[in-house]
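Single-structure report; data block below.
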8 protein chains.
Amino acid sequence: MDENTLIKLAEQLKAGELTPLDFVSKLKKYPFENVAGGEVKLDNHRPLRKGFAEIVYCPGKSASQIEAIAEALKDTEHNTLFSRVSREQNAVISRIISDAVYHEKANMTGVPREKFEKKRSGLTVVTAGSSDVPVAEEAAVTAEYMGCNAERLYDVGIAGIHRLLSHLDVLQTSKVIIAVAGMEGALPSVVGGLVNCPVIAVPTSVGYGASFGGVAALLTMLNSCSTGVAVVNIDNGLGAGFFAARILIGKV
Amino acid sequence: MDENTLIKLAEQLKAGELTPLDFVSKLKKYPFENVAGGEVKLDNHRPLRKGFAEIVYCPGKSASQIEAIAEALKDTEHNTLFSRVSREQNAVISRIISDAVYHEKANMTGVPREKFEKKRSGLTVVTAGSSDVPVAEEAAVTAEYMGCNAERLYDVGIAGIHRLLSHLDVLQTSKVIIAVAGMEGALPSVVGGLVNCPVIAVPTSVGYGASFGGVAALLTMLNSCSTGVAVVNIDNGLGAGFFAARILIGKV
Amino acid sequence: MDENTLIKLAEQLKAGELTPLDFVSKLKKYPFENVAGGEVKLDNHRPLRKGFAEIVYCPGKSASQIEAIAEALKDTEHNTLFSRVSREQNAVISRIISDAVYHEKANMTGVPREKFEKKRSGLTVVTAGSSDVPVAEEAAVTAEYMGCNAERLYDVGIAGIHRLLSHLDVLQTSKVIIAVAGMEGALPSVVGGLVNCPVIAVPTSVGYGASFGGVAALLTMLNSCSTGVAVVNIDNGLGAGFFAARILIGKV
Amino acid sequence: MDENTLIKLAEQLKAGELTPLDFVSKLKKYPFENVAGGEVKLDNHRPLRKGFAEIVYCPGKSASQIEAIAEALKDTEHNTLFSRVSREQNAVISRIISDAVYHEKANMTGVPREKFEKKRSGLTVVTAGSSDVPVAEEAAVTAEYMGCNAERLYDVGIAGIHRLLSHLDVLQTSKVIIAVAGMEGALPSVVGGLVNCPVIAVPTSVGYGASFGGVAALLTMLNSCSTGVAVVNIDNGLGAGFFAARILIGKV
Amino acid sequence: MDENTLIKLAEQLKAGELTPLDFVSKLKKYPFENVAGGEVKLDNHRPLRKGFAEIVYCPGKSASQIEAIAEALKDTEHNTLFSRVSREQNAVISRIISDAVYHEKANMTGVPREKFEKKRSGLTVVTAGSSDVPVAEEAAVTAEYMGCNAERLYDVGIAGIHRLLSHLDVLQTSKVIIAVAGMEGALPSVVGGLVNCPVIAVPTSVGYGASFGGVAALLTMLNSCSTGVAVVNIDNGLGAGFFAARILIGKV
Amino acid sequence: MDENTLIKLAEQLKAGELTPLDFVSKLKKYPFENVAGGEVKLDNHRPLRKGFAEIVYCPGKSASQIEAIAEALKDTEHNTLFSRVSREQNAVISRIISDAVYHEKANMTGVPREKFEKKRSGLTVVTAGSSDVPVAEEAAVTAEYMGCNAERLYDVGIAGIHRLLSHLDVLQTSKVIIAVAGMEGALPSVVGGLVNCPVIAVPTSVGYGASFGGVAALLTMLNSCSTGVAVVNIDNGLGAGFFAARILIGKV
Amino acid sequence: MDENTLIKLAEQLKAGELTPLDFVSKLKKYPFENVAGGEVKLDNHRPLRKGFAEIVYCPGKSASQIEAIAEALKDTEHNTLFSRVSREQNAVISRIISDAVYHEKANMTGVPREKFEKKRSGLTVVTAGSSDVPVAEEAAVTAEYMGCNAERLYDVGIAGIHRLLSHLDVLQTSKVIIAVAGMEGALPSVVGGLVNCPVIAVPTSVGYGASFGGVAALLTMLNSCSTGVAVVNIDNGLGAGFFAARILIGKV
Amino acid sequence: MDENTLIKLAEQLKAGELTPLDFVSKLKKYPFENVAGGEVKLDNHRPLRKGFAEIVYCPGKSASQIEAIAEALKDTEHNTLFSRVSREQNAVISRIISDAVYHEKANMTGVPREKFEKKRSGLTVVTAGSSDVPVAEEAAVTAEYMGCNAERLYDVGIAGIHRLLSHLDVLQTSKVIIAVAGMEGALPSVVGGLVNCPVIAVPTSVGYGASFGGVAALLTMLNSCSTGVAVVNIDNGLGAGFFAARILIGKV
């Protein structure tokens, strides 16, 4: 829980400005808002605790749930993203939020409300194949809504390693790299062996047969003999983009 | 490959100071050293490319292999670590390298040769239980040899969440957190929901029955609903420590 | 088999009121009724043995099978439930049983025939996310048809743990809690660490990638380090509701 | 967290008897005690929150850790259990705590300190085979230390179902049943079909080949077509005993 | 290969009635017939070697392949079965083979051409639930086309064990029993404990969640503690019926 | 339950020779005997219900448990087997039962007490390799104690299919075949394609790497494209021998 | 990277004909061509490095991506293949490349541009069943576009081993064999035991139940007790055909 | 079966030089020799069918079995190998066969009896790490006993890809490459992208955590996006060496 808020409330309580009952009720009301009859709780507290925007995961949500959420968020001051959005869901959102932007390749709808004085640079997103692009775009767009720039290098997998090596300069001057790959998933290991910045590996469900929907790539990445590689869930571009932005906007 | 070296060699080649044949032979000789009859290749290039020390993974290596490696490394200027070292292997190393330090809880032997003007701070290592400590120590010691300080919070798992919450201030002022847990592995998710820095999750093989040697914890962490969490291999404290250090010493 | 019935039959046999042949034939006829040409056997014995209503699992049953079952059950004195009912199946049931009630969110059709003098209280159903609601509703409706009240707390997962903690009073005064979660499934562990009543964990198939259709959540729950947690099958809200009601209506 | 304690502290804070700083420090000190250099945190808060004794999981703990824990617990007023204790660990505990009792079949050491006015009855523990007895004993002893009586019915698996049926009266008058089985694990389903109380299923790792260390039994139990069955982890007798006691001592 | 045929050919070869070349060409031509351009080879040899009818597995076969096969088989003297046939495929077959019979519940089309003087009796097919009926019918129909009678007992699963016990006389006078069950799959074990004839267990893909498409039932059956149980593949009613018929028409 | 016994008891009950109470108590006492303090229940009923000997599974049983069981069985009139017996356990048994026979290759100790007028013939046991022999011997010895003769053909796996084909006459005149194989487990399929009697497939844990302790062989056998093959658990020679004997001594 | 090209460039660099900057830019431009906005990189370098044609994997590629690729390839001098092409994708390709050939059974579209003076012979492709034909055709067509002839033997699985043995002459005179099988996947082992050339095993996803989409066949093949067998991914006919052609056109 | 032998026998049969009975008995006696009481069948036919030496897999074989096999093989004219031999087993062999050679790193004992006029060259064996060497040596020694030379490149994994690239010339002039790797297993894919000869991938069980004893590496290799890669079982160096030799000594 956000420390400053807690301290202020505790001081009000001590000063008698709040009764213990009020104190509890304050805590309860503050951090989220009930939407769609209580089934969805928007986390208003998140911008404080997490440092930025609400992210709404859309699969399985009905049109009316999406509508209720869009209504609740339409006046937010924070950048907001709807992920894995269908064309139909995007239409619902766009009708309610007029400045919403549809990022088709990333399957995302964004609500850009924040001005970043200076975008953080140094993020590179690479993919092994062209089928990995949607996951990579999800990562890139997420980081961009969090105030970062993202350089994209797509279809540079290891079957033709010269394609990767020809971009060695970009890789070696990056501050953080997101490496996206399906099938055998060896790209992050090779990248990790070439650079000295953190590499976030994203397995994708691209492949067939013994790729088992991304499990083969996931295992490859977890067992990477290149140190400096960490992994997120299969197809979790959003998590990778978020994690990368966290690194870039850290207090170091 | 290290860019500056490459450029210099290319310029020498162009200037006629190197024949194409010399150029190739230069490249071949430089980056590693054959040890133990060619079966082990020490990567001298690594300090340049990776920014720091050699790490020797010891399981399965014979006494004579360890001896050969220790001989080859004994005059290194860089910090060096032997990981998952047995008591016997540590004895071999210590006999050859007099200033080697045995980190018993981490099962590591270190060779500290570098002076860091100012250690990087902001790393916190937390564990769910006391059985997770060896993995956590491996992470902490790795980061320390790479020039970071590591704060330790052990046995603060979620079965008694007040133990974790009582350290909220430490968690919320960290720059990067390594969260180590076996069994159900839920600690990183809870931590990830409380902070706004990157959280590196390390599943451990602690548990029984359907924990499947760490698989249950691994899956929990990969599926974390808290964004800002990335995962390394089961029991891979070294990888987590290395990744955390990469973040802290980044160029951001 | 119901003890009293058995004893009475045995006494009749002894008294010569029943031949051994009759005895066997009595046993065979009594406890169930053949429906749909013998392919379905309605368990009339169940209200005696189990203490309440028939529950009909509907997936894969044809319209004519559903029709036959509805006909056979339409005059029951006991509460009855059709689970995982499709809209089409509900229409068939409603045509035959005029007082049938469609619980859309729970995908259930109920036939309420029993009056409970006093509903049992103390059951709380919590979900991690809004996508887990259908499974939670299945649990809640099941318990309600068995004579319990169910309090619902939805979308209080651990990614924002303050949402959960703000309801600590409800949780700590519950007599039994059903905790429903997909993805990483850590909610029951956190709840289990906060309360001193039994917690029934229900993994859901909500998630993607390495959630493996609910397996990740299932493993998390089975490995819970919080004692006082037991688990039912993935998406098995019905089983959880039934089990909870069993506890509340026990003879303690 | 314990509600009464929280309320009292909040009132003290409001009354000015506690500064906000004291309030926090109070919270931090109270609920656990650092043992073995901080690597183990004994949860003194647990008797309040959970209603009873500390349970120490012993595998992997060194003699000196066990010693430190035994020292810290030797004057507890609450019942305490050491689980999966080795003969050596039991010897260490018994040396320090003179009234410790070794339950050999359950692999547990208990410290009985509480007098229960009236033991709760109604718990029956059944096993499929004689190899399942250690897990069943762990369950029974746990429940006994929590103030319950446990009736034992061992080696009544379904391969000779008459062994089970001959105890129908005991089963049908139980308030809660723990059913322990390895191999195919079908016992809980059969029991669940005969009774109307909650059945807690415990898969064991007994078996060979495709039993996969208890996975086959676990899956059988999770898929039980008998409603009223919930499951704990493989070999987790402790969890089953704890859960059963929770039901019996509930506030219903 | 059929011994008598082999011997006869060898004697013809020896007698000079066949050249070695003819001998080989005889062997090649005899046992199968190329259909659909060589992609399908009908095994004419099978009635000799196996003792009865051709069985055509239909999934994935195109209308024209089915047509070619039906043409090739339309004048067979042996009983023939098309399994897992779709309505469309059945229509194709029926158009070509006028006496073909559609067994809808079994998803089979049969061509009955053999007269059995006396059908073998003693086969009982039992199912745990009504959803298991299609697999059970596949087993029963297969055995019937091989000259056996099959008694059917459906929906007698163990959740209400009295349904099964009321048919004890049928079970205990059977010569071979096929027990079909999904979900937890415990029926064959219970049956196996009650009878002294071989029990063939058929797991079905009926279930959800951790039933994993029949794997849970399969494991239960493989681990059956009742001796006298053998298992076939998930949903493989045909294999079970065939195996049962083999037993009944054996030379014992 | 044994039909004749049941009928007699029911008639006695009807005739007033038994009170209902006596009837129940008769049923309870008859079918098993408590051994080792109730932890083991010897199934005296089994010879009636199953048609032959008690089989004691020995792994995990202590010397004193084995001793108690041997004492209880030493005067049995029925053939009895101790399976997976260690040398030490065999010594205990032999000390108590003087005519016990140690079948070393099968890891079994037998107590031969029955005279079979005429042994059933027609069983052939084949193995793919020489490492599969212990499992095959377990099958053969089991069948022999149940009154069958067993012909053995070992090390005739498909890597050199001529070894198998040279025994075609034995295979094709068998009444039932047990085919034992590890690694890829293809032997039963090939055998099944050559004969017209039932083939019982036994996967063994022989192999390495992706054989996964017998799982590869198990899957091969379950997926056999040869009809007429059924499968038992990995390494379960006993189950296969028992099943085969059931077929041979059937009432057909 | 192609050695000759590298050497030439290095010599030009040395001779001053290339600046280091030009050298790098040369390397970058040469080996691939950006298509579809950079998301697809056609590997022009591949004919040099691999010895032949580009292969485009089509699943998941949009019509416009296919179009862009076809445009880029339409004037290639090398043989080219589009694999797993849908009817729609084939139509797009055919519209742009007039001499494209649709291989329907193989789901491939080929662009034949090379004249092979003499096709390599000695490749035989065998399948266990008729459902395996599409995978076999993919293998055969791939090898044919690489300059080989492929003999086809389909539906010769081991359930009727005489079908296979009747083609022994073809098998034993082959130089390399591709053996394609689903279900139990035993065909390659049997073939491997009969011949002395390399056998490439291709598991297919044909089957049901415990075939797990080809995993059973894959494991069988990996565990083959016949030496001389290597395996490719499930359904990977292309990989098998490519590998076989590599062997036939090797420099031996 | 060897064609020439078959033809000769058939001609003798036809000529009346062999009776049909003799013909069969000839076939039965020829191809193998019973050793150790029939439990082991040495395949004398193999040199004819396979083109070279007997290979004896030693794990699980008793000293007396090894002794019997060594006696039977001691006068062979063909090269022979004992694989996965223990020191004790090697001692037994060496006592009987005086010219046996112990290849310690490969865990093999060889009996070199053949003179190869000219060894085949072009085989390169590469490993990712030094722990993979035993498997690589097993491959290399096997190929050497089959008449090939093997060049070794060890510890050239992709974490430092310059180690691999510095040997590009060796790789690109090879005729067949065996690539051995554990952990993530990416080496064969990278190699496969650099060369135009067949690459045989061997996963090893080197690794920990989610490497699952070689499964991660196996999956990586099966999913390789580099065409021209085929895979053998985990740790199966022998199979890889054999397969490679088959390619090199092919009739191409």
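Labels for the structure tokens follow display order: chains A, B, ..., residues from 1 in each chain, ligands from 1.
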_Test item: residues at most 8 Å from Ala216 in chain H, only C-alpha atoms, excluding those fewer than 5 positions along its chain, as a ChimeraX atom specification_ = /A:216,219-220,223 /H:183-185,210-211
Sort by chain and increasing residue number a table of all residues of chain G within 10 Å of chain F, each with its closest pair of atoms and their distance in Å to one decimal, counting only C-alpha atoms, and write it as JSON lines.
```
{"residue": "G:Ala128", "atom": "CA", "partner": "F:Cys225", "partner_atom": "CA", "distance": 9.5}
{"residue": "G:Gly129", "atom": "CA", "partner": "F:Cys225", "partner_atom": "CA", "distance": 9.6}
{"residue": "G:Gly157", "atom": "CA", "partner": "F:Cys225", "partner_atom": "CA", "distance": 8.5}
{"residue": "G:Ile158", "atom": "CA", "partner": "F:Val190", "partner_atom": "CA", "distance": 6.0}
{"residue": "G:Ala159", "atom": "CA", "partner": "F:Gly193", "partner_atom": "CA", "distance": 4.4}
{"residue": "G:Gly160", "atom": "CA", "partner": "F:Gly193", "partner_atom": "CA", "distance": 5.3}
{"residue": "G:Ile161", "atom": "CA", "partner": "F:Gly193", "partner_atom": "CA", "distance": 6.8}
{"residue": "G:His162", "atom": "CA", "partner": "F:Leu194", "partner_atom": "CA", "distance": 9.1}
{"residue": "G:Gly182", "atom": "CA", "partner": "F:Asn223", "partner_atom": "CA", "distance": 9.1}
{"residue": "G:Met183", "atom": "CA", "partner": "F:Asn223", "partner_atom": "CA", "distance": 5.3}
{"residue": "G:Glu184", "atom": "CA", "partner": "F:Thr220", "partner_atom": "CA", "distance": 4.5}
{"residue": "G:Gly185", "atom": "CA", "partner": "F:Thr220", "partner_atom": "CA", "distance": 7.2}
{"residue": "G:Ala186", "atom": "CA", "partner": "F:Ala186", "partner_atom": "CA", "distance": 5.6}
{"residue": "G:Leu187", "atom": "CA", "partner": "F:Ala186", "partner_atom": "CA", "distance": 8.8}
{"residue": "G:Ser189", "atom": "CA", "partner": "F:Ala159", "partner_atom": "CA", "distance": 6.6}
{"residue": "G:Val190", "atom": "CA", "partner": "F:Ile158", "partner_atom": "CA", "distance": 6.0}
{"residue": "G:Val191", "atom": "CA", "partner": "F:Ala159", "partner_atom": "CA", "distance": 8.6}
{"residue": "G:Gly192", "atom": "CA", "partner": "F:Ala159", "partner_atom": "CA", "distance": 7.1}
{"residue": "G:Gly193", "atom": "CA", "partner": "F:Ala159", "partner_atom": "CA", "distance": 4.4}
{"residue": "G:Leu194", "atom": "CA", "partner": "F:Gly160", "partner_atom": "CA", "distance": 7.2}
{"residue": "G:Gly207", "atom": "CA", "partner": "F:Asn223", "partner_atom": "CA", "distance": 7.7}
{"residue": "G:Tyr208", "atom": "CA", "partner": "F:Asn223", "partner_atom": "CA", "distance": 8.1}
{"residue": "G:Gly209", "atom": "CA", "partner": "F:Asn223", "partner_atom": "CA", "distance": 8.1}
{"residue": "G:Ala210", "atom": "CA", "partner": "F:Leu219", "partner_atom": "CA", "distance": 6.5}
{"residue": "G:Ser211", "atom": "CA", "partner": "F:Asn223", "partner_atom": "CA", "distance": 6.1}
{"residue": "G:Phe212", "atom": "CA", "partner": "F:Leu219", "partner_atom": "CA", "distance": 9.2}
{"residue": "G:Val215", "atom": "CA", "partner": "F:Leu219", "partner_atom": "CA", "distance": 8.7}
{"residue": "G:Ala216", "atom": "CA", "partner": "F:Leu219", "partner_atom": "CA", "distance": 5.4}
{"residue": "G:Ala217", "atom": "CA", "partner": "F:Thr220", "partner_atom": "CA", "distance": 6.9}
{"residue": "G:Leu218", "atom": "CA", "partner": "F:Ala216", "partner_atom": "CA", "distance": 8.8}
{"residue": "G:Leu219", "atom": "CA", "partner": "F:Ala216", "partner_atom": "CA", "distance": 5.4}
{"residue": "G:Thr220", "atom": "CA", "partner": "F:Glu184", "partner_atom": "CA", "distance": 4.5}
{"residue": "G:Met221", "atom": "CA", "partner": "F:Glu184", "partner_atom": "CA", "distance": 6.9}
{"residue": "G:Leu222", "atom": "CA", "partner": "F:Ala210", "partner_atom": "CA", "distance": 6.8}
{"residue": "G:Asn223", "atom": "CA", "partner": "F:Glu184", "partner_atom": "CA", "distance": 4.8}
{"residue": "G:Ser224", "atom": "CA", "partner": "F:Glu184", "partner_atom": "CA", "distance": 5.4}
{"residue": "G:Cys225", "atom": "CA", "partner": "F:Ala159", "partner_atom": "CA", "distance": 6.0}
{"residue": "G:Ser226", "atom": "CA", "partner": "F:Ala159", "partner_atom": "CA", "distance": 4.8}
{"residue": "G:Thr227", "atom": "CA", "partner": "F:Ala159", "partner_atom": "CA", "distance": 8.2}
```
Would you write out those residues with C-alpha atoms, as a PDB file, in the first residue's frame?
```
ATOM      1  CA  ALA G 128       2.057 -46.892 -41.672  1.00  0.00           C
ATOM      2  CA  GLY G 129      -1.448 -45.819 -42.671  1.00  0.00           C
ATOM      3  CA  GLY G 157       2.077 -50.511 -41.145  1.00  0.00           C
ATOM      4  CA  ILE G 158       3.001 -53.299 -38.795  1.00  0.00           C
ATOM      5  CA  ALA G 159      -0.523 -54.482 -37.918  1.00  0.00           C
ATOM      6  CA  GLY G 160      -0.204 -56.608 -41.034  1.00  0.00           C
ATOM      7  CA  ILE G 161       3.534 -56.962 -41.311  1.00  0.00           C
ATOM      8  CA  HIS G 162       3.316 -58.998 -44.538  1.00  0.00           C
ATOM      9  CA  GLY G 182       1.154 -41.998 -36.198  1.00  0.00           C
ATOM     10  CA  MET G 183      -0.597 -43.865 -33.397  1.00  0.00           C
ATOM     11  CA  GLU G 184       2.022 -46.166 -31.873  1.00  0.00           C
ATOM     12  CA  GLY G 185       4.709 -45.183 -34.387  1.00  0.00           C
ATOM     13  CA  ALA G 186       6.470 -48.546 -34.486  1.00  0.00           C
ATOM     14  CA  LEU G 187       7.061 -48.661 -38.237  1.00  0.00           C
ATOM     15  CA  SER G 189      11.833 -49.453 -35.686  1.00  0.00           C
ATOM     16  CA  VAL G 190      10.717 -52.413 -37.724  1.00  0.00           C
ATOM     17  CA  VAL G 191      12.109 -50.896 -40.905  1.00  0.00           C
ATOM     18  CA  GLY G 192      15.332 -49.998 -39.123  1.00  0.00           C
ATOM     19  CA  GLY G 193      15.759 -53.623 -38.140  1.00  0.00           C
ATOM     20  CA  LEU G 194      15.508 -54.752 -41.759  1.00  0.00           C
ATOM     21  CA  GLY G 207      -4.441 -41.111 -33.622  1.00  0.00           C
ATOM     22  CA  TYR G 208      -6.686 -40.463 -30.670  1.00  0.00           C
ATOM     23  CA  GLY G 209      -6.769 -40.822 -26.887  1.00  0.00           C
ATOM     24  CA  ALA G 210      -3.354 -41.520 -25.455  1.00  0.00           C
ATOM     25  CA  SER G 211      -1.632 -40.759 -28.743  1.00  0.00           C
ATOM     26  CA  PHE G 212      -1.565 -37.161 -27.487  1.00  0.00           C
ATOM     27  CA  VAL G 215       3.617 -37.656 -28.701  1.00  0.00           C
ATOM     28  CA  ALA G 216       3.195 -41.425 -28.352  1.00  0.00           C
ATOM     29  CA  ALA G 217       4.621 -41.986 -31.823  1.00  0.00           C
ATOM     30  CA  LEU G 218       7.422 -39.504 -31.161  1.00  0.00           C
ATOM     31  CA  LEU G 219       8.485 -41.289 -27.972  1.00  0.00           C
ATOM     32  CA  THR G 220       8.374 -44.670 -29.680  1.00  0.00           C
ATOM     33  CA  MET G 221      10.684 -43.412 -32.385  1.00  0.00           C
ATOM     34  CA  LEU G 222      13.112 -41.725 -29.999  1.00  0.00           C
ATOM     35  CA  ASN G 223      13.346 -44.944 -28.004  1.00  0.00           C
ATOM     36  CA  SER G 224      13.781 -47.150 -31.036  1.00  0.00           C
ATOM     37  CA  CYS G 225      15.888 -50.154 -30.192  1.00  0.00           C
ATOM     38  CA  SER G 226      16.913 -50.259 -33.843  1.00  0.00           C
ATOM     39  CA  THR G 227      20.102 -48.265 -34.300  1.00  0.00           C
TER      40      THR G 227
END
```
*asked:* Neighbouring residues of range 144-149 of chain G were defined as those with any atom within 9 Å, considering only C-alpha atoms; residues of the same chain fewer than 5 positions away were excluded. Please report them as number ranges by chain.
replied: G: 52-53, 79-81, 110-112, 114-124, 139, 241-242, 245-246, 248-249
Please produce an output containing C-alpha atoms for each residue in the selection, written as a PDB file, in the first residue's frame.
```pdb
ATOM      1  CA  PHE G  52      19.145 -24.591 -52.538  1.00  0.00           C
ATOM      2  CA  ALA G  53      15.711 -23.110 -52.416  1.00  0.00           C
ATOM      3  CA  ASN G  79      13.530 -23.830 -56.613  1.00  0.00           C
ATOM      4  CA  THR G  80      11.136 -22.509 -54.013  1.00  0.00           C
ATOM      5  CA  LEU G  81       8.443 -24.040 -51.840  1.00  0.00           C
ATOM      6  CA  GLY G 110       6.196 -25.134 -55.585  1.00  0.00           C
ATOM      7  CA  VAL G 111       8.077 -22.906 -57.974  1.00  0.00           C
ATOM      8  CA  PRO G 112      10.265 -25.194 -60.111  1.00  0.00           C
ATOM      9  CA  GLU G 114      16.068 -25.463 -61.540  1.00  0.00           C
ATOM     10  CA  LYS G 115      17.030 -28.149 -64.009  1.00  0.00           C
ATOM     11  CA  PHE G 116      18.789 -31.084 -62.359  1.00  0.00           C
ATOM     12  CA  GLU G 117      21.020 -32.919 -64.784  1.00  0.00           C
ATOM     13  CA  LYS G 118      20.509 -36.162 -62.985  1.00  0.00           C
ATOM     14  CA  LYS G 119      18.060 -36.692 -60.158  1.00  0.00           C
ATOM     15  CA  ARG G 120      19.444 -38.490 -57.128  1.00  0.00           C
ATOM     16  CA  SER G 121      17.762 -41.806 -56.526  1.00  0.00           C
ATOM     17  CA  GLY G 122      17.551 -44.134 -53.538  1.00  0.00           C
ATOM     18  CA  LEU G 123      14.960 -42.360 -51.375  1.00  0.00           C
ATOM     19  CA  THR G 124      11.946 -44.395 -50.256  1.00  0.00           C
ATOM     20  CA  ALA G 139       8.562 -35.093 -47.390  1.00  0.00           C
ATOM     21  CA  GLY G 241      12.575 -34.619 -46.878  1.00  0.00           C
ATOM     22  CA  PHE G 242      15.175 -31.888 -46.508  1.00  0.00           C
ATOM     23  CA  ALA G 245      18.084 -34.820 -49.631  1.00  0.00           C
ATOM     24  CA  ARG G 246      21.045 -33.504 -47.662  1.00  0.00           C
ATOM     25  CA  LEU G 248      21.765 -37.927 -50.927  1.00  0.00           C
ATOM     26  CA  ILE G 249      23.458 -34.819 -52.284  1.00  0.00           C
TER      27      ILE G 249
END
```
_At a cut-off of 12 Å, using only C-alpha atoms, what residues contact Asn107 in chain F? Leave out same-chain residues fewer than 2 positions from it and give the result as a ChimeraX atom specification._
/F:57-59,81-90,101-105,109-110,133-142,237-238
*So how many Å separate CA of Leu171 in chain E and CA of Ile247 in chain E, to one decimal?*
16.7 Å
*Quick one, how far is CA of Ser166 in chain C from CA of Thr173 in chain B?*
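CA of Thr173 in chain B lies at a distance of 23.7 Å from CA of Ser166 in chain C.
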*strand (DSSP E or B) positions in range 22-226 of chain E, given as number ranges by chain*: E: 33-35, 40-42, 55-57, 80-83, 101-103, 108-111, 120-127, 148-153, 176-181, 199-203
